[in-house]
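Okay, input.txt now, which holds compact mmCIF, C-alpha atoms and all ligand atoms:
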```txt
# COMPACT_ATOMS: atom_id res chain seq x y z
CA MET A 1 -27.98 -4.76 -8.71
CA LYS A 2 -25.54 -5.49 -11.54
CA ASP A 3 -26.72 -2.17 -12.98
CA THR A 4 -25.37 -0.41 -9.91
CA VAL A 5 -21.91 -1.81 -10.65
CA ASN A 6 -22.15 -0.70 -14.29
CA GLN A 7 -23.30 2.76 -13.22
CA ILE A 8 -20.37 3.13 -10.84
CA ALA A 9 -17.95 2.03 -13.55
CA ALA A 10 -19.43 4.46 -16.09
CA SER A 11 -19.65 7.48 -13.78
CA ARG A 12 -16.54 6.71 -11.70
CA ASP A 13 -18.61 7.82 -8.74
CA ILE A 14 -20.55 6.10 -5.96
CA THR A 15 -23.27 7.22 -3.59
CA LEU A 16 -23.31 6.30 0.08
CA GLU A 17 -26.44 4.28 -0.58
CA GLN A 18 -24.79 2.30 -3.40
CA LEU A 19 -21.75 1.61 -1.24
CA THR A 20 -23.93 0.40 1.62
CA ARG A 21 -25.77 -2.00 -0.67
CA LEU A 22 -22.62 -3.37 -2.28
CA LEU A 23 -20.88 -3.94 1.03
CA THR A 24 -23.85 -5.67 2.63
CA THR A 25 -25.39 -7.72 -0.18
CA ASP A 26 -25.23 -11.53 -0.21
CA ASP A 27 -26.04 -11.66 -3.90
CA ARG A 28 -23.04 -13.59 -5.26
CA GLU A 29 -23.92 -12.80 -8.87
CA THR A 30 -23.66 -9.07 -8.25
CA ILE A 31 -20.42 -9.45 -6.34
CA GLN A 32 -18.90 -11.67 -9.02
CA HIS A 33 -19.90 -9.04 -11.57
CA LEU A 34 -18.18 -6.39 -9.44
CA PHE A 35 -14.96 -8.46 -9.25
CA ASP A 36 -15.03 -9.32 -12.97
CA THR A 37 -15.66 -5.73 -14.07
CA ALA A 38 -12.79 -4.49 -11.88
CA HIS A 39 -10.44 -7.23 -13.09
CA ALA A 40 -11.30 -6.43 -16.72
CA THR A 41 -10.71 -2.72 -16.03
CA ALA A 42 -7.24 -3.44 -14.62
CA GLN A 43 -6.51 -5.54 -17.71
CA ARG A 44 -7.60 -2.71 -19.99
CA TYR A 45 -4.86 -0.55 -18.52
CA TYR A 46 -2.18 -3.08 -17.69
CA GLY A 47 -2.96 -6.25 -19.65
CA ASN A 48 -2.02 -9.42 -17.78
CA LYS A 49 0.89 -7.76 -16.05
CA ILE A 50 1.28 -7.84 -12.31
CA PHE A 51 4.03 -5.59 -10.98
CA MET A 52 6.20 -6.54 -8.05
CA ARG A 53 7.80 -4.18 -5.57
CA GLY A 54 10.61 -5.35 -3.33
CA LEU A 55 9.84 -4.26 0.20
CA ILE A 56 12.82 -3.40 2.41
CA GLU A 57 11.80 -2.78 6.02
CA LEU A 58 14.66 -0.57 7.08
CA SER A 59 13.74 0.18 10.69
CA ASN A 60 11.15 -0.82 13.28
CA HIS A 61 11.99 2.11 15.57
CA CYS A 62 9.06 4.53 15.63
CA LYS A 63 8.37 7.76 17.48
CA ASN A 64 4.64 7.40 16.89
CA ASP A 65 2.14 5.53 19.01
CA CYS A 66 -0.62 4.62 16.52
CA LEU A 67 -3.10 2.56 18.49
CA TYR A 68 -3.30 -0.25 15.93
CA CYS A 69 0.37 -0.81 15.15
CA GLY A 70 2.60 -3.61 16.43
CA ILE A 71 5.77 -1.48 16.23
CA ARG A 72 4.27 1.58 17.97
CA ARG A 73 6.57 3.43 20.36
CA SER A 74 5.15 1.99 23.55
CA GLN A 75 4.92 -1.61 22.32
CA GLN A 76 6.87 -3.84 24.72
CA GLY A 77 8.91 -6.86 23.71
CA VAL A 78 9.83 -5.64 20.21
CA GLN A 79 13.42 -6.38 19.23
CA ARG A 80 14.22 -2.99 17.69
CA TYR A 81 16.58 -2.90 14.68
CA ARG A 82 17.65 -0.67 11.85
CA LEU A 83 19.47 -1.60 8.66
CA ASN A 84 22.60 0.26 7.63
CA GLN A 85 23.29 1.48 4.11
CA GLU A 86 25.31 -1.59 3.23
CA GLN A 87 22.53 -3.95 4.33
CA ILE A 88 19.97 -1.94 2.35
CA LEU A 89 22.15 -2.06 -0.76
CA ASP A 90 22.58 -5.82 -0.28
CA CYS A 91 18.79 -6.20 -0.29
CA CYS A 92 18.61 -4.17 -3.52
CA GLU A 93 21.34 -6.28 -5.11
CA GLN A 94 19.54 -9.48 -4.28
CA GLY A 95 16.24 -7.98 -5.44
CA TYR A 96 17.66 -6.76 -8.73
CA LYS A 97 18.94 -10.27 -9.51
CA LEU A 98 15.45 -11.61 -8.79
CA GLY A 99 13.91 -9.20 -11.30
CA PHE A 100 12.72 -6.40 -9.01
CA ARG A 101 12.77 -2.94 -10.61
CA THR A 102 11.12 -1.08 -7.76
CA PHE A 103 12.49 -0.94 -4.24
CA VAL A 104 10.21 0.22 -1.45
CA LEU A 105 12.04 1.46 1.62
CA GLN A 106 9.58 1.37 4.49
CA GLY A 107 10.00 1.97 8.19
CA GLY A 108 8.70 3.43 11.39
CA GLU A 109 9.32 7.13 11.92
CA ASP A 110 12.90 6.75 13.07
CA GLY A 111 14.84 9.98 13.66
CA TRP A 112 18.11 8.14 12.99
CA PHE A 113 17.18 8.21 9.31
CA ASP A 114 17.48 11.99 9.13
CA ASP A 115 17.61 13.78 5.79
CA ASN A 116 21.38 13.47 5.35
CA ARG A 117 21.41 9.71 5.99
CA MET A 118 18.28 9.04 3.99
CA CYS A 119 19.40 11.17 1.02
CA ASP A 120 22.76 9.34 0.99
CA ILE A 121 20.95 6.00 0.86
CA VAL A 122 18.56 7.11 -1.88
CA ALA A 123 21.40 8.61 -3.94
CA ALA A 124 23.46 5.41 -3.61
CA ILE A 125 20.55 3.26 -4.83
CA ARG A 126 19.87 5.73 -7.65
CA ARG A 127 23.54 5.56 -8.77
CA GLN A 128 23.67 1.77 -8.72
CA TYR A 129 20.21 1.10 -10.15
CA PRO A 130 19.39 3.93 -12.58
CA ASP A 131 16.68 1.82 -14.20
CA CYS A 132 14.77 1.20 -10.95
CA ALA A 133 12.06 3.16 -9.21
CA ILE A 134 12.72 4.10 -5.59
CA THR A 135 9.64 4.26 -3.40
CA LEU A 136 9.77 5.60 0.14
CA SER A 137 7.32 4.94 2.95
CA LEU A 138 8.80 6.68 5.95
CA GLY A 139 5.80 8.50 7.34
CA GLU A 140 5.34 12.21 7.97
CA ARG A 141 8.25 14.57 7.28
CA SER A 142 8.61 18.26 6.43
CA ARG A 143 8.07 19.50 2.90
CA ASP A 144 11.75 20.41 2.73
CA SER A 145 12.68 16.84 3.69
CA TYR A 146 10.41 15.37 1.00
CA GLN A 147 11.94 17.76 -1.53
CA ARG A 148 15.48 16.70 -0.61
CA LEU A 149 14.55 13.02 -0.91
CA TYR A 150 12.99 13.65 -4.30
CA ASP A 151 16.05 15.58 -5.46
CA SER A 152 18.24 12.67 -4.32
CA GLY A 153 16.44 10.33 -6.71
CA ALA A 154 13.31 8.97 -4.99
CA ASN A 155 10.31 8.71 -7.33
CA ARG A 156 7.37 7.51 -5.29
CA TYR A 157 6.03 7.88 -1.75
CA LEU A 158 3.49 5.74 0.08
CA LEU A 159 1.66 7.39 2.95
CA ARG A 160 -1.68 5.86 3.79
CA HIS A 161 -4.13 8.55 4.84
CA GLU A 162 -5.55 5.86 7.22
CA THR A 163 -9.03 7.43 7.17
CA ALA A 164 -10.50 10.48 5.46
CA ASP A 165 -12.68 11.25 8.48
CA PRO A 166 -10.89 13.53 10.99
CA ALA A 167 -12.97 12.25 13.95
CA HIS A 168 -12.17 8.62 13.02
CA TYR A 169 -8.49 9.56 12.60
CA ALA A 170 -8.47 10.93 16.15
CA ARG A 171 -9.75 7.59 17.52
CA LEU A 172 -6.97 5.61 15.82
CA HIS A 173 -4.09 7.88 16.81
CA PRO A 174 -2.75 9.61 19.90
CA SER A 175 -3.56 13.30 20.31
CA GLU A 176 -0.10 14.44 19.21
CA MET A 177 -0.76 13.10 15.71
CA SER A 178 -2.93 15.15 13.43
CA PHE A 179 -5.16 14.45 10.46
CA ASP A 180 -4.33 17.86 9.02
CA ASN A 181 -0.62 17.14 9.03
CA ARG A 182 -1.16 13.79 7.31
CA MET A 183 -3.14 15.57 4.59
CA ARG A 184 -0.52 18.33 4.37
CA CYS A 185 2.14 15.66 3.77
CA LEU A 186 0.14 14.03 0.98
CA GLN A 187 -0.43 17.40 -0.69
CA ASP A 188 3.26 18.35 -0.41
CA LEU A 189 4.36 15.02 -1.86
CA LYS A 190 2.06 15.46 -4.82
CA GLU A 191 3.14 19.06 -5.48
CA ILE A 192 6.81 18.10 -5.34
CA GLY A 193 6.25 15.56 -8.11
CA PHE A 194 6.28 12.20 -6.34
CA GLN A 195 3.99 9.46 -7.59
CA VAL A 196 1.93 9.25 -4.42
CA GLY A 197 0.11 6.39 -2.70
CA CYS A 198 -2.56 6.84 -0.04
CA GLY A 199 -4.70 4.14 1.56
CA PHE A 200 -6.38 2.73 4.63
CA MET A 201 -7.01 -0.41 6.65
CA VAL A 202 -10.31 -2.19 6.08
CA GLY A 203 -12.16 -2.96 9.31
CA SER A 204 -10.13 -0.65 11.54
CA PRO A 205 -11.86 0.04 14.87
CA TYR A 206 -14.70 2.61 14.61
CA GLN A 207 -14.75 2.42 10.81
CA THR A 208 -18.25 2.74 9.32
CA VAL A 209 -19.72 2.67 5.82
CA GLU A 210 -19.78 6.47 6.05
CA THR A 211 -16.05 6.71 6.79
CA LEU A 212 -15.34 4.25 3.95
CA TRP A 213 -17.42 6.35 1.61
CA GLN A 214 -15.35 9.38 2.62
CA ASP A 215 -12.20 7.33 1.87
CA LEU A 216 -13.47 6.56 -1.62
CA GLN A 217 -14.40 10.20 -2.22
CA PHE A 218 -10.96 11.28 -1.02
CA ILE A 219 -9.34 8.88 -3.50
CA ARG A 220 -11.54 10.28 -6.28
CA SER A 221 -10.52 13.84 -5.54
CA PHE A 222 -6.85 13.27 -4.69
CA GLN A 223 -6.21 11.02 -7.72
CA PRO A 224 -3.19 9.19 -6.29
CA GLN A 225 -1.05 6.96 -8.50
CA MET A 226 -1.24 4.17 -5.90
CA VAL A 227 -3.72 3.08 -3.23
CA GLY A 228 -2.76 0.59 -0.52
CA ILE A 229 -5.61 -1.09 1.32
CA GLY A 230 -5.55 -4.23 3.41
CA PRO A 231 -7.53 -5.66 6.30
CA PHE A 232 -6.81 -4.42 9.81
CA ILE A 233 -5.30 -7.31 11.77
CA PRO A 234 -5.03 -6.99 15.55
CA ALA A 235 -1.55 -6.90 17.05
CA SER A 236 -1.07 -8.40 20.53
CA GLY A 237 -0.05 -5.87 23.14
CA THR A 238 -1.66 -2.88 21.39
CA PRO A 239 -4.81 -1.09 22.59
CA PHE A 240 -6.70 -2.76 19.71
CA ALA A 241 -5.40 -6.27 20.42
CA ASP A 242 -8.91 -7.59 21.14
CA ARG A 243 -10.64 -5.99 18.19
CA PRO A 244 -11.82 -8.24 15.36
CA ALA A 245 -9.79 -8.35 12.16
CA GLY A 246 -11.15 -6.71 9.02
CA SER A 247 -12.96 -8.93 6.55
CA VAL A 248 -11.30 -10.41 3.47
CA GLU A 249 -14.58 -10.18 1.55
CA THR A 250 -15.05 -6.47 2.31
CA THR A 251 -11.43 -5.79 1.36
CA LEU A 252 -11.97 -7.51 -2.00
CA ARG A 253 -15.14 -5.53 -2.69
CA LEU A 254 -13.35 -2.29 -1.84
CA LEU A 255 -10.39 -3.17 -4.06
CA SER A 256 -12.85 -3.60 -6.92
CA LEU A 257 -14.61 -0.33 -6.17
CA ILE A 258 -11.33 1.58 -6.04
CA ARG A 259 -10.38 0.10 -9.43
CA LEU A 260 -13.71 1.24 -10.88
CA LEU A 261 -13.61 4.72 -9.34
CA HIS A 262 -9.99 5.36 -10.31
CA PRO A 263 -9.13 2.92 -13.13
CA PRO A 264 -5.41 3.65 -13.75
CA VAL A 265 -4.45 3.24 -10.09
CA LEU A 266 -1.65 0.88 -9.04
CA LEU A 267 -3.34 -1.32 -6.48
CA PRO A 268 -1.50 -3.88 -4.37
CA ALA A 269 -2.90 -7.18 -3.20
CA THR A 270 -1.35 -6.74 0.24
CA THR A 271 0.48 -9.08 2.59
CA ALA A 272 -2.27 -8.47 5.17
CA LEU A 273 -4.81 -9.91 2.70
CA GLY A 274 -2.54 -12.94 2.18
CA THR A 275 -2.19 -13.29 5.95
CA LEU A 276 -5.96 -13.61 6.51
CA HIS A 277 -6.68 -15.93 3.59
CA PRO A 278 -4.39 -18.56 2.02
CA ARG A 279 -5.25 -17.27 -1.47
CA GLY A 280 -5.87 -13.66 -0.42
CA ARG A 281 -3.43 -12.10 -2.86
CA GLU A 282 -4.72 -14.16 -5.80
CA LEU A 283 -8.28 -13.18 -4.91
CA GLY A 284 -7.12 -9.56 -4.72
CA ILE A 285 -5.78 -9.76 -8.27
CA LEU A 286 -9.02 -11.29 -9.51
CA ALA A 287 -10.83 -8.38 -7.85
CA GLY A 288 -8.76 -5.75 -9.70
CA ALA A 289 -5.40 -5.46 -7.89
CA ASN A 290 -2.26 -5.38 -10.04
CA VAL A 291 0.71 -5.11 -7.68
CA VAL A 292 2.34 -7.42 -5.12
CA MET A 293 4.99 -6.39 -2.62
CA PRO A 294 7.08 -9.34 -1.48
CA ASN A 295 9.67 -8.87 1.21
CA LEU A 296 13.36 -8.30 0.49
CA SER A 297 14.33 -7.54 4.10
CA PRO A 298 17.04 -9.68 5.70
CA ARG A 299 15.39 -12.81 7.07
CA GLU A 300 16.80 -12.35 10.57
CA HIS A 301 14.83 -9.09 11.02
CA ARG A 302 11.53 -9.96 9.36
CA LYS A 303 9.73 -11.19 12.42
CA ASP A 304 10.66 -7.93 14.21
CA TYR A 305 8.65 -5.88 11.70
CA SER A 306 5.38 -7.36 12.95
CA LEU A 307 2.77 -4.67 12.38
CA TYR A 308 0.17 -7.32 13.27
CA ASP A 309 0.04 -10.95 14.43
CA ASN A 310 0.92 -13.95 12.21
CA LYS A 311 2.34 -11.83 9.38
CA LEU A 312 2.94 -13.83 6.21
CA CYS A 313 6.35 -14.98 4.91
CA THR A 314 8.44 -13.85 7.89
CA GLY A 315 10.56 -17.02 7.61
CA ASP A 316 11.11 -17.07 3.85
CA GLU A 317 14.07 -16.03 1.75
CA ALA A 318 13.39 -13.37 -0.88
CA ALA A 319 14.03 -15.89 -3.66
CA GLU A 320 11.50 -18.32 -2.16
CA CYS A 321 8.88 -15.55 -2.04
CA ARG A 322 9.57 -14.68 -5.67
CA VAL A 323 9.07 -18.28 -6.86
CA CYS A 324 5.99 -18.81 -4.69
CA LEU A 325 4.37 -15.58 -5.91
CA ASP A 326 5.19 -16.35 -9.51
CA ARG A 327 3.31 -19.63 -9.19
CA ARG A 328 0.39 -18.05 -7.35
CA ILE A 329 -0.04 -15.22 -9.84
CA ARG A 330 -0.04 -17.64 -12.77
CA THR A 331 -3.08 -19.39 -11.29
CA THR A 332 -5.01 -16.13 -11.83
CA GLY A 333 -4.12 -16.04 -15.54
CA SER A 334 -1.79 -13.07 -15.02
CA GLN A 335 1.97 -12.85 -14.95
CA LEU A 336 4.61 -11.24 -12.74
CA VAL A 337 6.81 -8.97 -14.84
CA VAL A 338 10.28 -7.46 -14.62
CA ASP A 339 9.25 -3.83 -14.95
CA ARG A 340 9.28 -0.59 -12.96
CA GLY A 341 5.50 -0.60 -13.28
CA ASP A 342 4.82 3.13 -13.45
CA ALA A 343 1.31 4.54 -13.54
CA PRO A 344 0.18 5.00 -17.14
CA THR A 345 0.97 8.34 -18.73
CA ALA A 346 -1.76 10.83 -19.58
CA LYS A 347 -1.44 9.83 -23.24
CA LEU A 348 -2.10 6.18 -22.48
CA LYS A 349 -5.07 7.13 -20.33
CA VAL A 350 -6.63 9.06 -23.22
CA GLU A 351 -6.05 6.12 -25.57
CA ASN A 352 -7.79 3.80 -23.16
CA LEU A 353 -10.75 6.09 -22.86
CA LEU A 354 -11.12 6.19 -26.63
CA ASN A 355 -11.09 2.39 -26.97
N1 LIG B 1 5.65 4.80 9.23
C1 LIG B 1 5.17 4.79 7.90
C2 LIG B 1 3.78 5.39 7.81
O1 LIG B 1 3.23 5.80 8.83
O2 LIG B 1 3.27 5.51 6.70
C3 LIG B 1 5.19 3.42 7.26
C4 LIG B 1 5.07 2.23 8.14
S1 LIG B 1 3.43 1.93 8.73
C5 LIG B 1 3.72 0.64 9.86
C6 LIG B 1 2.68 1.16 7.31
C7 LIG B 1 1.20 0.86 7.37
O3 LIG B 1 0.97 -0.32 8.12
C8 LIG B 1 0.31 1.86 8.04
O4 LIG B 1 0.01 2.91 7.15
C9 LIG B 1 -0.92 1.05 8.46
O5 LIG B 1 -2.02 1.28 7.60
C10 LIG B 1 -0.41 -0.40 8.35
N2 LIG B 1 -0.65 -1.11 9.62
C11 LIG B 1 -0.16 -0.82 10.83
N3 LIG B 1 -0.69 -1.64 11.78
C12 LIG B 1 -1.54 -2.47 11.14
C13 LIG B 1 -2.40 -3.54 11.56
N4 LIG B 1 -2.50 -3.86 12.85
N5 LIG B 1 -3.13 -4.19 10.62
C14 LIG B 1 -3.02 -3.86 9.31
N6 LIG B 1 -2.24 -2.86 8.86
C15 LIG B 1 -1.49 -2.17 9.75
```
Encoded form using structure tokens:
Amino acid sequence: MKDTVNQIAASRDITLEQLTRLLTTDDRETIQHLFDTAHATAQRYYGNKIFMRGLIELSNHCKNDCLYCGIRRSQQGVQRYRLNQEQILDCCEQGYKLGFRTFVLQGGEDGWFDDNRMCDIVAAIRRQYPDCAITLSLGERSRDSYQRLYDSGANRYLLRHETADPAHYARLHPSEMSFDNRMRCLQDLKEIGFQVGCGFMVGSPYQTVETLWQDLQFIRSFQPQMVGIGPFIPASGTPFADRPAGSVETTLRLLSLIRLLHPPVLLPATTALGTLHPRGRELGILAGANVVMPNLSPREHRKDYSLYDNKLCTGDEAAECRVCLDRRIRTTGSQLVVDRGDAPTAKLKVENLLN
């Protein structure tokens, strides 16, 4: 079955049958070959560098009611908060001193952060940190809103597609949310010029090998600069509270496959992976991931941004996370770097193909 891995790497394509075999096999040699090939592919593009993104969770207010999410609108017992501009800039200041050159502003879909407020915040960060990338992850907005945010200085946008199967999407979300709108957003973001990230949870309720195969085919056709995947972890109080968590092993195999199908992608080893396994993020890197996203949010609010139970690092200071991650990454033979960590340019991609 090692040949299957080599074939996937060479063709940058995968059949449903190949995916089924690779997700179900117990053959450790094949799986180790998958991980090693993906890790080597990441190194071909990025060397030993692991990029870090400072995550700033600016609001846990959300108008949406996604069935899986611990900050969904109807979730009871959540201490709702939002950061003001000064608090956000404080997080950036602290992050910059710690070597972060990308700030990711993420939050629930909170109407308080309308275009005027959000553009002011982005412009202020852009003025103070001209050498940093600004990534937004604020959910679905109008094309005009995305354009204004881009014009204010944002460079990247993360919006997981959640699933590429419309029927599956409908089982994870309330009826007022639409698969078509999610896809429209991703297309708009790309056309505007953002570096775009899509992604999905591994092991979400009703997910099948077929839906995962559709996810991989979507990634192949959309060609995003970033892909965020992590295991689904149940959140108490949500409709999916009693569902089993996604598997670490399947997440690692999918990380590797995404690296092989779309080699230049920026691929985080997510906090959810680290939450389910004490060395989850290190294993993610050894399976082909090349990004980590430690938290820069004020410590007093971290536990309130609980998308799922037992989230990692909610009690740590940003500086503690930085030191801890540095140590962890070194055990994989790679190194955290002070760098914006952009996706490689077309020229670099051609050079890599020729080598
Ligand atoms: N509101 C923005 C959006 O919709 O893109 C960003 C915030 S949203 C909470 C970020 C991501 O968290 C979602 O795209 C989802 O995949 C992930 N997430 C939510 N609940 C989760 C859970 N129970 N387990 C794992 N990941 C979860």
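When only C-alpha atoms and all ligand atoms are used to measure the gap to ligand LIG 1 (chain B), the shortest distance among A:Cys198, A:Met226, A:Ala38, A:Leu22 belongs to A:Cys198.
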Output as JSON lines one row per residue of range 18-83 of chain A within 12 Å of range 318-325 of chain A: the closest atom pair and its distance in Å to one decimal place, counting all atoms listed in the file, sorted by chain and residue number ascending.
```
{"residue": "A:Ile50", "atom": "CA", "partner": "A:Leu325", "partner_atom": "CA", "distance": 10.5}
{"residue": "A:Phe51", "atom": "CA", "partner": "A:Leu325", "partner_atom": "CA", "distance": 11.2}
{"residue": "A:Met52", "atom": "CA", "partner": "A:Arg322", "partner_atom": "CA", "distance": 9.1}
{"residue": "A:Arg53", "atom": "CA", "partner": "A:Arg322", "partner_atom": "CA", "distance": 10.6}
{"residue": "A:Gly54", "atom": "CA", "partner": "A:Ala318", "partner_atom": "CA", "distance": 8.8}
{"residue": "A:Leu55", "atom": "CA", "partner": "A:Ala318", "partner_atom": "CA", "distance": 9.8}
{"residue": "A:Ile56", "atom": "CA", "partner": "A:Ala318", "partner_atom": "CA", "distance": 10.5}
```
* Asked: Within 9 Å of ligand LIG 1 (chain B), counting only C-alpha atoms and all ligand atoms, which protein or nucleic acid residues do you find, written as a count of residues only?
  -> 51
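Once Arg28 in chain A and its same-chain neighbours fewer than 5 positions away are set aside, Met1, Lys2, Leu22, Leu23, His33, Leu34, Phe35, Asp36, Glu249 and Arg253 of chain A remain within 12 Å of it when counting only C-alpha atoms.
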From the list A:Gln335, A:Gln75, A:Gln223, A:Gln128, the nearest residue to Ile258 in chain A using only C-alpha atoms is A:Gln223
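The space separating CA of Leu58 in chain A from CA of Asn84 in chain A comes to 8.0 Å.
Going from CA of Ser142 in chain A over to CA of Val122 in chain A, you cover 17.1 Å.
Residue nearest Ser221 in chain A, chosen from A:Gln187, A:Thr20, A:Gln207, A:Gln195 and counting only C-alpha atoms: A:Gln187.
Here CA of Pro278 in chain A and CA of Asn310 in chain A stand 12.4 Å from one another.
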Closest of A:Ala287, A:Pro263, A:Tyr150, A:Arg302 to Ala10 in chain A, counting only C-alpha atoms, is A:Pro263
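In this comparison, which uses all atoms listed in the file, the residue of A:Glu86, A:Asp26, A:Asp13, A:Asp304 approaching Ile219 in chain A most closely is A:Asp13.
All residues of protein, DNA or RNA that reach within 8 Å of Cys92 in chain A, judged by all atoms listed in the file and not counting those fewer than 6 positions away in the chain, are Phe103, Ile125 and Leu296 of chain A.
Using all atoms listed in the file, the shortest contact distance between Leu149 in chain A and any of A:Asn181, A:Ser11, A:Gln18, A:Asn116 is found at A:Asn116.
The shell of residues at most 8 Å from Ser152 in chain A, with all atoms listed in the file counted and near chain neighbours (fewer than 6 positions) removed, consists of Cys119, Asp120, Val122, Ala123 and Arg126 of chain A.
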Exercise for review: Find the spatial neighbours of Thr270 in chain A, counting all atoms listed in the file, within a cut-off of 7 Å - ignore same-chain residues fewer than 3 positions away - and output them as an NGL selection string.
Suggested key: :A and (230 or 273-274 or 281 or 292-293)
Residues within 7 Å of (-11.4, -1.9, -12.5), file coords, only C-alpha atoms, listed as number ranges by chain: A: 37-42, 256, 259-260, 263, 288
